[in-house]
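Asker: What follows is start_25.cif; its format and atoms are mmCIF, C-alpha atoms.
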```cif
data_target
loop_
_atom_site.label_atom_id
_atom_site.label_comp_id
_atom_site.auth_asym_id
_atom_site.auth_seq_id
_atom_site.Cartn_x
_atom_site.Cartn_y
_atom_site.Cartn_z
CA MET A 1 -32.02 69.74 -21.21
CA LEU A 2 -31.09 71.21 -24.54
CA THR A 3 -27.59 72.52 -25.02
CA THR A 4 -26.33 75.57 -26.85
CA ALA A 5 -23.52 73.48 -28.37
CA PRO A 6 -24.94 70.27 -29.88
CA THR A 7 -22.62 68.07 -31.92
CA PHE A 8 -23.14 65.41 -34.58
CA GLU A 9 -22.45 62.71 -31.95
CA HIS A 10 -24.76 64.34 -29.41
CA LEU A 11 -27.68 64.42 -31.84
CA TYR A 12 -27.17 60.93 -33.28
CA HIS A 13 -26.95 59.59 -29.72
CA LEU A 14 -30.73 60.19 -29.57
CA PHE A 15 -31.15 57.38 -32.12
CA PRO A 16 -28.43 54.84 -31.32
CA ASP A 17 -27.57 52.15 -33.86
CA SER A 18 -29.17 54.14 -36.70
CA PRO A 19 -28.49 52.35 -40.00
CA ASP A 20 -28.69 55.70 -41.81
CA ARG A 21 -25.82 57.28 -39.84
CA PRO A 22 -23.34 58.80 -42.31
CA GLU A 23 -19.72 59.78 -41.74
CA ALA A 24 -19.31 63.48 -41.03
CA VAL A 25 -16.31 65.77 -40.71
CA GLU A 26 -16.59 69.33 -39.47
CA VAL A 27 -15.37 71.95 -41.95
CA PRO A 28 -15.13 75.74 -41.74
CA ALA A 29 -17.84 77.69 -43.58
CA SER A 30 -15.18 78.89 -46.03
CA GLU A 31 -14.69 75.27 -47.21
CA VAL A 32 -18.37 74.68 -47.98
CA PRO A 33 -18.63 74.86 -51.80
CA GLU A 34 -21.50 76.36 -53.78
CA PRO A 35 -24.38 75.74 -54.01
CA TYR A 36 -24.16 74.25 -50.50
CA TYR A 37 -22.69 77.47 -49.13
CA LYS A 38 -25.77 79.43 -50.22
CA LEU A 39 -28.03 76.67 -48.89
CA LEU A 40 -26.37 76.31 -45.47
CA VAL A 41 -24.37 79.36 -44.42
CA HIS A 42 -27.17 81.67 -43.24
CA THR A 43 -29.53 82.21 -40.31
CA HIS A 44 -32.80 81.27 -42.02
CA HIS A 45 -35.00 78.18 -41.70
CA MET A 46 -33.87 75.41 -43.99
CA THR A 47 -37.50 74.72 -44.92
CA VAL A 48 -37.73 78.12 -46.62
CA THR A 49 -34.23 77.86 -48.09
CA VAL A 50 -34.77 74.49 -49.80
CA GLU A 51 -38.23 75.53 -51.00
CA GLU A 52 -36.72 78.60 -52.67
CA PHE A 53 -33.81 76.62 -54.14
CA TYR A 54 -36.00 73.88 -55.63
CA GLY A 55 -38.94 76.17 -56.48
CA SER A 56 -41.38 73.89 -54.66
CA PRO A 57 -42.93 73.55 -51.21
CA VAL A 58 -41.70 70.58 -49.18
CA ASN A 59 -43.47 67.97 -47.11
CA VAL A 60 -42.09 66.26 -44.04
CA ARG A 61 -41.83 62.50 -43.54
CA VAL A 62 -41.11 61.44 -39.94
CA LEU A 63 -38.83 58.39 -39.95
CA SER A 64 -38.55 57.95 -36.19
CA CYS A 65 -39.41 59.89 -33.06
CA CYS A 66 -39.17 59.62 -29.30
CA ARG A 67 -40.53 61.68 -26.43
CA ALA A 68 -39.71 61.98 -22.75
CA GLY A 69 -41.77 64.67 -21.05
CA ASN A 70 -41.16 67.95 -22.86
CA GLU A 71 -38.18 66.58 -24.79
CA TYR A 72 -39.14 65.42 -28.27
CA ALA A 73 -36.72 64.14 -30.90
CA ARG A 74 -37.29 63.03 -34.46
CA LYS A 75 -35.52 62.04 -37.65
CA ILE A 76 -37.17 63.37 -40.79
CA LEU A 77 -36.91 63.69 -44.53
CA LEU A 78 -38.06 66.74 -46.47
CA ALA A 79 -39.34 65.88 -49.94
CA LEU A 80 -40.69 68.08 -52.71
CA ARG A 81 -44.46 68.34 -52.55
CA GLU A 82 -44.66 67.99 -56.36
CA ASP A 83 -42.46 64.85 -56.31
CA ALA A 84 -42.72 63.02 -52.98
CA ASP A 85 -39.96 60.62 -54.05
CA ARG A 86 -37.44 63.46 -54.39
CA VAL A 87 -35.93 63.86 -50.94
CA VAL A 88 -33.99 67.12 -50.58
CA GLN A 89 -32.98 67.06 -46.91
CA PHE A 90 -32.49 64.79 -43.91
CA GLY A 91 -32.96 66.25 -40.46
CA LEU A 92 -32.48 65.17 -36.89
CA VAL A 93 -33.90 67.46 -34.20
CA ARG A 94 -34.34 67.61 -30.46
CA ILE A 95 -37.02 70.03 -29.32
CA ASN A 96 -37.89 71.44 -25.90
CA LEU A 97 -41.68 71.41 -26.20
CA GLY A 98 -41.89 73.23 -22.86
CA VAL A 99 -40.96 76.54 -24.53
CA CYS A 100 -43.62 76.12 -27.22
CA PRO A 101 -47.25 77.23 -27.02
CA GLU A 102 -49.76 74.37 -27.09
CA ALA A 103 -50.69 74.86 -30.76
CA VAL A 104 -47.01 74.70 -31.76
CA ARG A 105 -46.39 71.60 -29.60
CA ASN A 106 -49.39 69.86 -31.16
CA ALA A 107 -48.34 70.73 -34.73
CA ILE A 108 -44.77 69.53 -34.10
CA VAL A 109 -45.81 66.22 -32.54
CA GLU A 110 -48.44 65.67 -35.23
CA GLY A 111 -45.54 65.50 -37.71
CA LYS A 112 -47.41 66.68 -40.81
CA THR A 113 -45.73 70.07 -41.29
CA PRO A 114 -41.98 70.84 -41.46
CA LEU A 115 -40.70 72.40 -38.23
CA GLY A 116 -39.63 75.66 -39.85
CA ARG A 117 -43.07 76.08 -41.39
CA VAL A 118 -44.75 75.43 -37.99
CA LEU A 119 -42.61 78.08 -36.28
CA ILE A 120 -43.22 80.59 -39.08
CA GLN A 121 -47.00 79.96 -39.26
CA HIS A 122 -47.33 80.46 -35.50
CA ASN A 123 -45.06 83.52 -35.54
CA MET A 124 -43.02 81.95 -32.76
CA LEU A 125 -40.07 84.15 -31.88
CA ARG A 126 -36.97 82.46 -33.21
CA ARG A 127 -33.30 83.02 -33.84
CA ILE A 128 -31.36 80.44 -35.82
CA GLU A 129 -27.71 80.01 -34.96
CA PRO A 130 -25.62 77.66 -37.13
CA LEU A 131 -22.77 76.27 -35.03
CA ALA A 132 -20.92 73.95 -37.38
CA TYR A 133 -20.80 72.87 -41.00
CA ILE A 134 -20.09 69.29 -42.00
CA ARG A 135 -18.93 67.39 -45.07
CA VAL A 136 -20.91 64.17 -45.15
CA THR A 137 -20.16 60.81 -46.75
CA LEU A 138 -23.53 59.12 -47.15
CA SER A 139 -24.36 55.73 -45.68
CA PRO A 140 -26.11 53.25 -47.98
CA THR A 141 -29.47 53.99 -46.31
CA MET A 142 -29.15 57.77 -46.62
CA ALA A 143 -27.85 57.44 -50.19
CA GLU A 144 -30.94 55.38 -51.04
CA TRP A 145 -33.22 58.16 -49.69
CA PHE A 146 -31.35 60.72 -51.78
CA ARG A 147 -31.21 58.36 -54.81
CA VAL A 148 -27.43 58.62 -55.18
CA PRO A 149 -24.62 56.03 -54.89
CA PRO A 150 -23.50 55.07 -51.35
CA GLY A 151 -20.40 57.01 -50.36
CA SER A 152 -21.54 60.15 -52.21
CA GLU A 153 -20.57 63.38 -50.52
CA THR A 154 -22.76 66.28 -49.49
CA TYR A 155 -22.87 68.97 -46.81
CA GLY A 156 -24.89 69.84 -43.77
CA ARG A 157 -25.02 71.98 -40.68
CA ILE A 158 -25.61 71.73 -36.95
CA GLY A 159 -27.36 74.51 -35.12
CA VAL A 160 -29.66 75.79 -32.43
CA ILE A 161 -32.99 77.57 -32.80
CA TYR A 162 -33.77 79.94 -29.95
CA THR A 163 -36.99 81.43 -28.62
CA GLY A 164 -35.75 84.63 -27.06
CA ASP A 165 -32.56 83.62 -25.25
CA ARG A 166 -33.67 80.03 -24.60
CA PRO A 167 -32.51 77.18 -26.83
CA ALA A 168 -35.66 75.50 -28.14
CA VAL A 169 -34.34 73.21 -30.89
CA GLU A 170 -31.06 71.43 -31.60
CA VAL A 171 -30.83 70.48 -35.25
CA LEU A 172 -28.70 68.49 -37.70
CA GLU A 173 -29.57 69.18 -41.35
CA ILE A 174 -28.02 67.26 -44.26
CA LEU A 175 -28.77 68.20 -47.86
CA THR A 176 -29.20 65.82 -50.75
CA PRO A 177 -26.20 65.98 -53.11
CA VAL A 178 -26.89 68.74 -55.62
CA PRO A 179 -26.13 67.98 -59.27
CA GLU A 180 -23.52 70.27 -60.85
CA SER A 181 -26.11 71.71 -63.25
CA ASN A 182 -28.41 73.00 -60.47
#
```
Please express the file's structure as structure tokens.
Answerer:
Amino acid sequence: MLTTAPTFEHLYHLFPDSPDRPEAVEVPASEVPEPYYKLLVHTHHMTVTVEEFYGSPVNVRVLSCCRAGNEYARKILLALREDADRVVQFGLVRINLGVCPEAVRNAIVEGKTPLGRVLIQHNMLRRIEPLAYIRVTLSPTMAEWFRVPPGSETYGRIGVIYTGDRPAVEVLEILTPVPESN
């Protein structure tokens, strides 16, 4: 069952012994600096937010997934469509496929479209509730994806996406470090 209060530990537990696992410390929203504040402290889909920020659509790359009945979890990277090597976000999600119509379930499991885009395209009722913000120190693996030095810092958020009053998705979203000039 999905929870309405997922944590960093709870979500990473879905993929034990992950070599990409960074260090994360929860911080209040007021301590999230710009431009991360604008990118994270809102109730919109991150797919749309990063596309607007970078001025480019994003593609999804599924790194790992697992499924048990209606529970589906995956680790993903979002990369710019115009530059597939430029990863802009890491995500780890757990989805209750049982609350999704068949077309949405199929599109999610197919793994070719970012989750936010799937939900928007299918006009699936949704409410996004950020629960926590995190300061992240990148592991060597995650730093390699983002093309920055290991130990670089960035920010992310943990949240729940609802359909009506039912939690449908638990999500951890970590942004690539944003250069000062952006």
Asker: Looking at all atoms listed in the file, which of A:Thr154, A:Glu102, A:Glu170, A:Arg147 is the one that sits closest to Arg74 (chain A)?
Answerer: A:Glu170
Asker: Using all atoms listed in the file, pick whichever of A:Val178, A:Val60, A:Ala79, A:Leu119 has the shortest atom-to-atom distance to Tyr162 (chain A).
Answerer: A:Leu119
Asker: Which residues are close to Arg94 (chain A), i.e. within 7 Å by all atoms listed in the file, leaving aside same-chain residues fewer than 3 positions away? Reply as an MDAnalysis selection string.
Answerer: chainID A and resid 71:74 169:171
Asker: Residues near Leu14 (chain A), anyone? I mean within 12 Å using all atoms listed in the file, not counting same-chain ones fewer than 4 positions away, as a ChimeraX atom specification.
Answerer: /A:6-10,18,21,64-68,71-75,92-95,170-172
Asker: When distances are computed from only C-alpha atoms, which of A:Glu26, A:Asp83, A:Glu173, A:Asp165 shows the smallest separation from Arg135 (chain A)?
Answerer: A:Glu26
Asker: For the file shown, report as a compact mmCIF listing (two decimals) with C-alpha atoms, keeping the file's coordinate frame the outcome of the PyMOL selection byres ((chain A and resi 23) around 10) at residue level.
Answerer:
```txt
# COMPACT_ATOMS: atom_id res chain seq x y z
CA PHE A 8 -23.14 65.41 -34.58
CA ASP A 20 -28.69 55.70 -41.81
CA ARG A 21 -25.82 57.28 -39.84
CA PRO A 22 -23.34 58.80 -42.31
CA ALA A 24 -19.31 63.48 -41.03
CA VAL A 25 -16.31 65.77 -40.71
CA ILE A 134 -20.09 69.29 -42.00
CA ARG A 135 -18.93 67.39 -45.07
CA VAL A 136 -20.91 64.17 -45.15
CA THR A 137 -20.16 60.81 -46.75
CA LEU A 138 -23.53 59.12 -47.15
CA SER A 139 -24.36 55.73 -45.68
CA GLY A 151 -20.40 57.01 -50.36
CA GLU A 153 -20.57 63.38 -50.52
```
Asker: Could you check how far CA of Gln121 (chain A) sits from CA of Leu39 (chain A), in Å to one decimal?
Answerer: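 Pair CA of Gln121 (chain A) / CA of Leu39 (chain A) returns 21.5 Å.
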Asker: Could you check the closest approach to Ile174 (chain A) for each of A:Val99, A:Leu131, A:Val87, A:Thr113 and tell me which residue wins, using all atoms listed in the file?
Answerer: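 Nearest to Ile174 (chain A): A:Val87.
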Asker: For the structure provided, state which residues fall under the PyMOL selection byres ((chain A and resi 88) around 7), and present them as JSON, numbers by chain.
Answerer: {"A": [78, 79, 86, 87, 89, 175, 176]}
